[in-house]
file final-v7.cif (mmCIF, C-alpha atoms)
data_protein
#
loop_
_atom_site.label_atom_id
_atom_site.label_comp_id
_atom_site.auth_asym_id
_atom_site.auth_seq_id
_atom_site.Cartn_x
_atom_site.Cartn_y
_atom_site.Cartn_z
CA MET V 22 0.00 0.00 0.00
CA ASP V 23 1.12 3.54 -0.71
CA THR V 24 0.10 5.15 2.56
CA ILE V 25 0.23 8.74 1.25
CA LEU V 26 -2.19 7.92 -1.56
CA ALA V 27 -4.48 6.16 0.93
CA LEU V 28 -4.35 9.20 3.24
CA MET V 29 -5.19 11.45 0.29
CA GLU V 30 -8.27 9.34 -0.48
CA LEU V 31 -9.31 9.71 3.16
CA GLY V 32 -8.72 13.48 3.03
CA VAL V 33 -6.28 13.53 5.94
CA GLU V 34 -2.94 14.02 4.14
CA HIS V 35 -2.68 17.55 5.61
CA ASN V 36 -1.84 16.09 9.03
CA GLU V 37 1.69 15.75 10.34
CA PHE V 38 2.97 12.19 10.24
CA ARG V 39 6.09 10.11 9.62
CA LEU V 40 6.29 7.05 7.38
CA THR V 41 8.47 3.96 7.72
CA LYS V 42 10.04 4.86 4.36
CA SER V 43 9.38 7.30 1.54
CA ASP V 44 8.45 4.85 -1.21
CA ALA V 45 5.68 2.26 -1.21
CA PRO V 46 4.99 -0.07 0.40
CA ASN V 47 5.14 1.98 3.56
CA SER V 48 3.17 2.57 6.73
CA ILE V 49 2.69 5.21 9.40
CA PHE V 50 5.55 5.24 11.88
CA LYS V 51 4.37 8.26 13.92
CA TRP V 52 1.12 10.24 13.73
CA ILE V 53 1.15 13.76 15.15
CA GLY V 54 -2.21 15.00 13.85
CA PRO V 55 -4.18 17.16 14.54
CA ASP V 56 -6.82 14.71 13.21
CA PRO V 57 -7.09 11.23 14.75
CA GLU V 58 -4.81 8.63 13.19
CA PRO V 59 -6.68 6.47 10.66
CA THR V 60 -7.05 2.82 11.58
CA GLN V 61 -5.47 0.11 9.46
CA GLU V 62 -8.96 -0.74 8.16
CA GLN V 63 -9.54 2.88 7.11
CA LEU V 64 -6.17 3.01 5.37
CA GLU V 65 -6.92 -0.22 3.51
CA ALA V 66 -10.33 1.15 2.47
CA GLY V 67 -8.70 4.37 1.22
CA TRP V 68 -6.13 2.33 -0.68
CA ALA V 69 -8.82 0.14 -2.26
CA LEU V 70 -10.73 3.25 -3.31
CA PHE V 71 -7.60 4.75 -4.87
CA LEU V 72 -6.95 1.54 -6.84
CA GLU V 73 -10.57 1.43 -7.96
CA LYS V 74 -10.32 5.00 -9.28
CA ASN V 75 -6.87 4.41 -10.83
CA PRO V 76 -6.80 0.88 -12.27
CA ASP V 77 -3.74 1.60 -14.44
CA TRP V 78 -1.62 2.92 -11.55
CA ILE V 79 1.89 1.45 -11.42
CA PRO V 80 3.75 1.63 -8.08
CA ASN V 81 6.98 3.62 -8.14
CA ALA V 82 6.75 4.04 -11.90
CA PRO V 83 9.74 5.80 -13.46
CA LEU V 84 9.17 9.29 -14.76
CA PRO V 85 8.99 9.65 -18.56
#

call {"tool": "encode", "arguments": {"input": "final-v7.cif", "output": "structure tokens"}}
result
Amino acid sequence: MDTILALMELGVEHNEFRLTKSDAPNSIFKWIGPDPEPTQEQLEAGWALFLEKNPDWIPNAPLP
């Protein structure tokens, strides 16, 4: 899962947080907020929604 894209689908990417690493797959290492930290289930739902909207998405695709 690309956690940033999942957070964007959930509308909470404006919060302060730290990820385990910059590229996917990654996860939240530290959540500072101010909104409550999304649950794993919410993140997975956001990720599924992103993939549904973007079926041709390629993880870490090289730039043209």

call {"tool": "resolve_selection", "arguments": {"input": "final-v7.cif", "expression": "the PyMOL selection byres ((chain V and resi 56-64) around 9)", "output": "JSON, numbers by chain"}}
result
{"V": [22, 24, 27, 28, 30, 31, 33, 36, 52, 53, 54, 55, 65, 66, 67, 68, 69]}

call {"tool": "resolve_selection", "arguments": {"input": "final-v7.cif", "expression": "the PyMOL selection byres ((chain V and resi 49) around 9)", "output": "PDB file with C-alpha atoms, keeping the file's coordinate frame"}}
result
ATOM      1  CA  THR V  24       0.100   5.150   2.560  1.00  0.00           C
ATOM      2  CA  PHE V  38       2.970  12.190  10.240  1.00  0.00           C
ATOM      3  CA  ARG V  39       6.090  10.110   9.620  1.00  0.00           C
ATOM      4  CA  LEU V  40       6.290   7.050   7.380  1.00  0.00           C
ATOM      5  CA  THR V  41       8.470   3.960   7.720  1.00  0.00           C
ATOM      6  CA  LYS V  42      10.040   4.860   4.360  1.00  0.00           C
ATOM      7  CA  ASN V  47       5.140   1.980   3.560  1.00  0.00           C
ATOM      8  CA  SER V  48       3.170   2.570   6.730  1.00  0.00           C
ATOM      9  CA  PHE V  50       5.550   5.240  11.880  1.00  0.00           C
ATOM     10  CA  LYS V  51       4.370   8.260  13.920  1.00  0.00           C
ATOM     11  CA  TRP V  52       1.120  10.240  13.730  1.00  0.00           C
TER      12      TRP V  52
END

call {"tool": "resolve_selection", "arguments": {"input": "final-v7.cif", "expression": "the PyMOL selection byres ((chain V and resi 77-81) around 12)", "output": "tab-separated table (two decimals) with C-alpha atoms, in the coordinates of the input"}}
result
chain	number	residue	atom	x	y	z
V	22	MET	CA	0.00	0.00	0.00
V	23	ASP	CA	1.12	3.54	-0.71
V	24	THR	CA	0.10	5.15	2.56
V	26	LEU	CA	-2.19	7.92	-1.56
V	43	SER	CA	9.38	7.30	1.54
V	44	ASP	CA	8.45	4.85	-1.21
V	45	ALA	CA	5.68	2.26	-1.21
V	46	PRO	CA	4.99	-0.07	0.40
V	47	ASN	CA	5.14	1.98	3.56
V	68	TRP	CA	-6.13	2.33	-0.68
V	71	PHE	CA	-7.60	4.75	-4.87
V	72	LEU	CA	-6.95	1.54	-6.84
V	73	GLU	CA	-10.57	1.43	-7.96
V	74	LYS	CA	-10.32	5.00	-9.28
V	75	ASN	CA	-6.87	4.41	-10.83
V	76	PRO	CA	-6.80	0.88	-12.27
V	82	ALA	CA	6.75	4.04	-11.90
V	83	PRO	CA	9.74	5.80	-13.46
V	84	LEU	CA	9.17	9.29	-14.76

call {"tool": "axis_aligned_box", "arguments": {"input": "final-v7.cif", "around": "region 45-61 of chain V", "padding_each_side": "6 Å", "output": "lines of an AutoDock Vina configuration file"}}
result
center_x = -0.7
center_y = 8.5
center_z = 7.0
size_x = 24.8
size_y = 29.2
size_z = 28.4
